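One structure below.
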Amino acid sequence: MDCIFCKIAHGEIPSATLYEDDAFRVILDVGPASRGHALILPKEHAKDLYSLSEETASKVLVLAKKMASKMSEALGCDGLNLVQNNGEIAGQTVFHFHMHLIPRYKGDDVKIGWRPGRLSEKDKNELLSLLR
Ligand code: 5GP
Ligand code: ZN
């Protein structure tokens, strides 16, 4: 399978690695949104969150928390966004699950956002019956 993040995660393509263990590699993004923008790559190939194993999914946030603390201390960032895109419409461009760690700095120009709508009674009731 020709997956660039599999190759990076398994060390077949060199990367700026911040952390590695049996299940993950954490690397610096080549197109950073901000100073220190990093990606958590599982070594297991799963194209997105839907197909990720529960075992890997359960470990990702623990690692994100460790990396976030390290980044906050070492970079002195003022905040941090965790971003994880699934599907082209959601901004996914590499189809190997990954989680972005994006340090935020006062006055930076990073745009992660949406215009808040308003939850109607009808939508609320429909959604509750669909998703609960
Ligand atoms: P997505 O848009 O799929 O959530 O994020 C893909 C991210 O991977 C982008 O931020 C992009 O800059 C980064 N990226 C793509 N190819 C490479 C690569 O070969 N090496 C590294 N370090 N980052 C990559
Ligand atoms: Zn892969």
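The way I read the labels, and the way they are meant: chains A, B, ... in the order of the structure tokens, residue 1 as the first residue of every chain, and ligand 1 as the first ligand shown, with later ones counted on from there.
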
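Proximal residues of ligand 2 are Met1, Asp2, Cys3, Ile4, Phe5, Cys6, Lys7, Lys43, Glu44, His45, Ala46, Lys47, Phe95, His96 and Phe97 of chain A, by a cut-off of 8 Å on only C-alpha atoms and all ligand atoms.
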
Using only C-alpha atoms and all ligand atoms, find each residue in chain A having at least one atom no more than 9 Å away from ligand 1; report its shortest atom-to-atom pair and that distance in Å (one decimal), rows by chain then rising number, as a tab-separated table.
```
residue	atom	partner	partner_atom_place_in_ligand_line	distance
A:Ile4	CA	ligand 1	19 (O)	6.5
A:Phe5	CA	ligand 1	19 (O)	7.2
A:Ile8	CA	ligand 1	20 (N)	7.5
A:Ile13	CA	ligand 1	19 (O)	8.4
A:Pro14	CA	ligand 1	20 (N)	8.8
A:Ser15	CA	ligand 1	22 (N)	6.1
A:Ala16	CA	ligand 1	22 (N)	7.0
A:Thr17	CA	ligand 1	22 (N)	8.8
A:Ile27	CA	ligand 1	22 (N)	5.9
A:Leu28	CA	ligand 1	22 (N)	5.3
A:Asp29	CA	ligand 1	22 (N)	4.0
A:Val30	CA	ligand 1	23 (N)	4.3
A:Gly31	CA	ligand 1	12 (O)	3.8
A:Pro32	CA	ligand 1	12 (O)	6.2
A:Ala33	CA	ligand 1	10 (O)	7.5
A:His37	CA	ligand 1	10 (O)	8.3
A:Ala38	CA	ligand 1	22 (N)	7.9
A:Leu39	CA	ligand 1	8 (O)	7.3
A:Val83	CA	ligand 1	4 (O)	7.5
A:Gln84	CA	ligand 1	4 (O)	6.1
A:Asn85	CA	ligand 1	4 (O)	4.8
A:Asn86	CA	ligand 1	4 (O)	7.5
A:Gly87	CA	ligand 1	3 (O)	8.4
A:Glu88	CA	ligand 1	3 (O)	8.2
A:Ala90	CA	ligand 1	4 (O)	8.2
A:Gly91	CA	ligand 1	2 (O)	5.0
A:Gln92	CA	ligand 1	3 (O)	3.6
A:Thr93	CA	ligand 1	3 (O)	3.6
A:Val94	CA	ligand 1	3 (O)	4.0
A:Phe95	CA	ligand 1	3 (O)	6.5
A:His96	CA	ligand 1	3 (O)	7.8
A:Phe97	CA	ligand 1	3 (O)	8.0
A:His98	CA	ligand 1	4 (O)	6.9
A:Met99	CA	ligand 1	4 (O)	7.4
A:His100	CA	ligand 1	4 (O)	7.1
```

Picked from chain A by DSSP as strand (DSSP E or B), as a list in words: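 Matching residues for strand (DSSP E or B) in chain A are Thr17, Leu18, Tyr19, Glu20, Phe24, Arg25, Val26, Ile27, Leu28, Ala38, Leu39, Ile40, Leu41, Pro42, Gly79, Leu80, Asn81, Leu82, Val83, Met99, His100, Leu101, Ile102, Pro103 and Arg104 of chain A.
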
Output file for the selection above: N, CA, C and O atoms, as a tab-separated table (two decimals), in the first residue's frame:
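Just written: part_5.tsv:
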```tsv
chain	number	residue	atom	x	y	z
A	17	THR	N	11.16	13.81	14.07
A	17	THR	CA	10.40	13.04	15.07
A	17	THR	C	10.56	13.61	16.47
A	17	THR	O	11.68	13.78	16.95
A	18	LEU	N	9.45	13.90	17.11
A	18	LEU	CA	9.47	14.43	18.47
A	18	LEU	C	9.32	13.32	19.50
A	18	LEU	O	9.74	13.46	20.65
A	19	TYR	N	8.67	12.23	19.08
A	19	TYR	CA	8.38	11.13	20.02
A	19	TYR	C	8.10	9.88	19.22
A	19	TYR	O	7.51	9.95	18.13
A	20	GLU	N	8.51	8.72	19.76
A	20	GLU	CA	8.18	7.45	19.11
A	20	GLU	C	8.02	6.36	20.15
A	20	GLU	O	8.77	6.32	21.14
A	24	PHE	N	3.08	4.62	18.01
A	24	PHE	CA	2.94	5.97	17.43
A	24	PHE	C	4.29	6.59	17.08
A	24	PHE	O	5.32	6.27	17.68
A	25	ARG	N	4.21	7.55	16.14
A	25	ARG	CA	5.32	8.48	15.93
A	25	ARG	C	4.69	9.87	15.91
A	25	ARG	O	3.62	10.07	15.32
A	26	VAL	N	5.34	10.82	16.57
A	26	VAL	CA	4.87	12.21	16.54
A	26	VAL	C	5.91	13.02	15.78
A	26	VAL	O	7.10	12.97	16.11
A	27	ILE	N	5.46	13.73	14.74
A	27	ILE	CA	6.40	14.45	13.86
A	27	ILE	C	5.98	15.92	13.72
A	27	ILE	O	4.82	16.27	13.96
A	28	LEU	N	6.94	16.73	13.29
A	28	LEU	CA	6.61	18.11	12.95
A	28	LEU	C	5.94	18.13	11.58
A	28	LEU	O	6.39	17.45	10.65
A	38	ALA	N	2.49	19.89	15.17
A	38	ALA	CA	2.93	18.50	15.12
A	38	ALA	C	1.77	17.57	14.78
A	38	ALA	O	0.60	17.96	14.88
A	39	LEU	N	2.13	16.36	14.35
A	39	LEU	CA	1.12	15.37	13.98
A	39	LEU	C	1.38	14.08	14.74
A	39	LEU	O	2.52	13.61	14.78
A	40	ILE	N	0.34	13.52	15.31
A	40	ILE	CA	0.43	12.19	15.92
A	40	ILE	C	0.03	11.17	14.85
A	40	ILE	O	-1.09	11.22	14.34
A	41	LEU	N	0.95	10.28	14.52
A	41	LEU	CA	0.67	9.23	13.53
A	41	LEU	C	0.68	7.87	14.21
A	41	LEU	O	1.72	7.47	14.75
A	42	PRO	N	-0.44	7.16	14.18
A	42	PRO	CA	-0.38	5.77	14.64
A	42	PRO	C	0.42	4.94	13.64
A	42	PRO	O	0.39	5.23	12.43
A	79	GLY	N	-1.97	28.68	24.00
A	79	GLY	CA	-3.09	27.74	23.89
A	79	GLY	C	-2.71	26.68	22.89
A	79	GLY	O	-1.59	26.68	22.36
A	80	LEU	N	-3.61	25.77	22.64
A	80	LEU	CA	-3.31	24.68	21.70
A	80	LEU	C	-4.62	24.10	21.18
A	80	LEU	O	-5.55	23.89	21.95
A	81	ASN	N	-4.68	23.87	19.86
A	81	ASN	CA	-5.85	23.19	19.29
A	81	ASN	C	-5.47	21.76	18.92
A	81	ASN	O	-4.42	21.52	18.33
A	82	LEU	N	-6.35	20.83	19.26
A	82	LEU	CA	-6.28	19.47	18.73
A	82	LEU	C	-7.23	19.45	17.55
A	82	LEU	O	-8.40	19.81	17.71
A	83	VAL	N	-6.74	19.01	16.40
A	83	VAL	CA	-7.60	18.96	15.21
A	83	VAL	C	-7.45	17.58	14.58
A	83	VAL	O	-6.33	17.05	14.50
A	99	MET	N	-3.64	13.07	14.13
A	99	MET	CA	-4.17	14.15	14.97
A	99	MET	C	-3.18	15.30	14.95
A	99	MET	O	-1.98	15.10	15.16
A	100	HIS	N	-3.70	16.51	14.68
A	100	HIS	CA	-2.86	17.71	14.68
A	100	HIS	C	-2.78	18.27	16.10
A	100	HIS	O	-3.80	18.36	16.80
A	101	LEU	N	-1.58	18.69	16.46
A	101	LEU	CA	-1.38	19.47	17.70
A	101	LEU	C	-0.91	20.84	17.22
A	101	LEU	O	0.18	20.96	16.63
A	102	ILE	N	-1.73	21.85	17.40
A	102	ILE	CA	-1.42	23.18	16.85
A	102	ILE	C	-1.29	24.18	18.00
A	102	ILE	O	-2.29	24.63	18.57
A	103	PRO	N	-0.03	24.50	18.36
A	103	PRO	CA	0.18	25.49	19.41
A	103	PRO	C	-0.38	26.84	18.96
A	103	PRO	O	-0.27	27.19	17.78
A	104	ARG	N	-0.93	27.59	19.87
A	104	ARG	CA	-1.50	28.90	19.55
A	104	ARG	C	-0.79	29.98	20.34
A	104	ARG	O	-0.44	29.78	21.51
```

Atom-to-atom span, CA of Leu61 (chain A) and CA of Asp21 (chain A), Å: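 Separating CA of Leu61 (chain A) from CA of Asp21 (chain A) is a distance of 14.7 Å.
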
DSSP-assigned helix (DSSP H, G or I) among chain A, expressed as a VMD selection string: chain A and resid 4 to 9 49 to 51 54 to 75 88 to 90 121 to 131

Separation of CA of Val60 (chain A) from CA of Asp22 (chain A) in Å: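 Going from CA of Asp22 (chain A) over to CA of Val60 (chain A), I get 12.7 Å.
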
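The smallest atom-to-atom distance between Ala74 (chain A) and any of A:Lys59, A:Arg35, A:Ser51, A:Leu128, using only C-alpha atoms, is found for A:Arg35.
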
Nearest residue to Tyr105 (chain A) from the set A:Ser34, A:Thr56, A:Met67, A:Arg118 (distances using only C-alpha atoms):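 Closest to Tyr105 (chain A), using only C-alpha atoms: A:Ser34.
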
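Across A:His10, A:Asp108, A:Gly36, A:Glu121, the tightest approach to Ala68 (chain A) is made by A:Gly36 when counting only C-alpha atoms.
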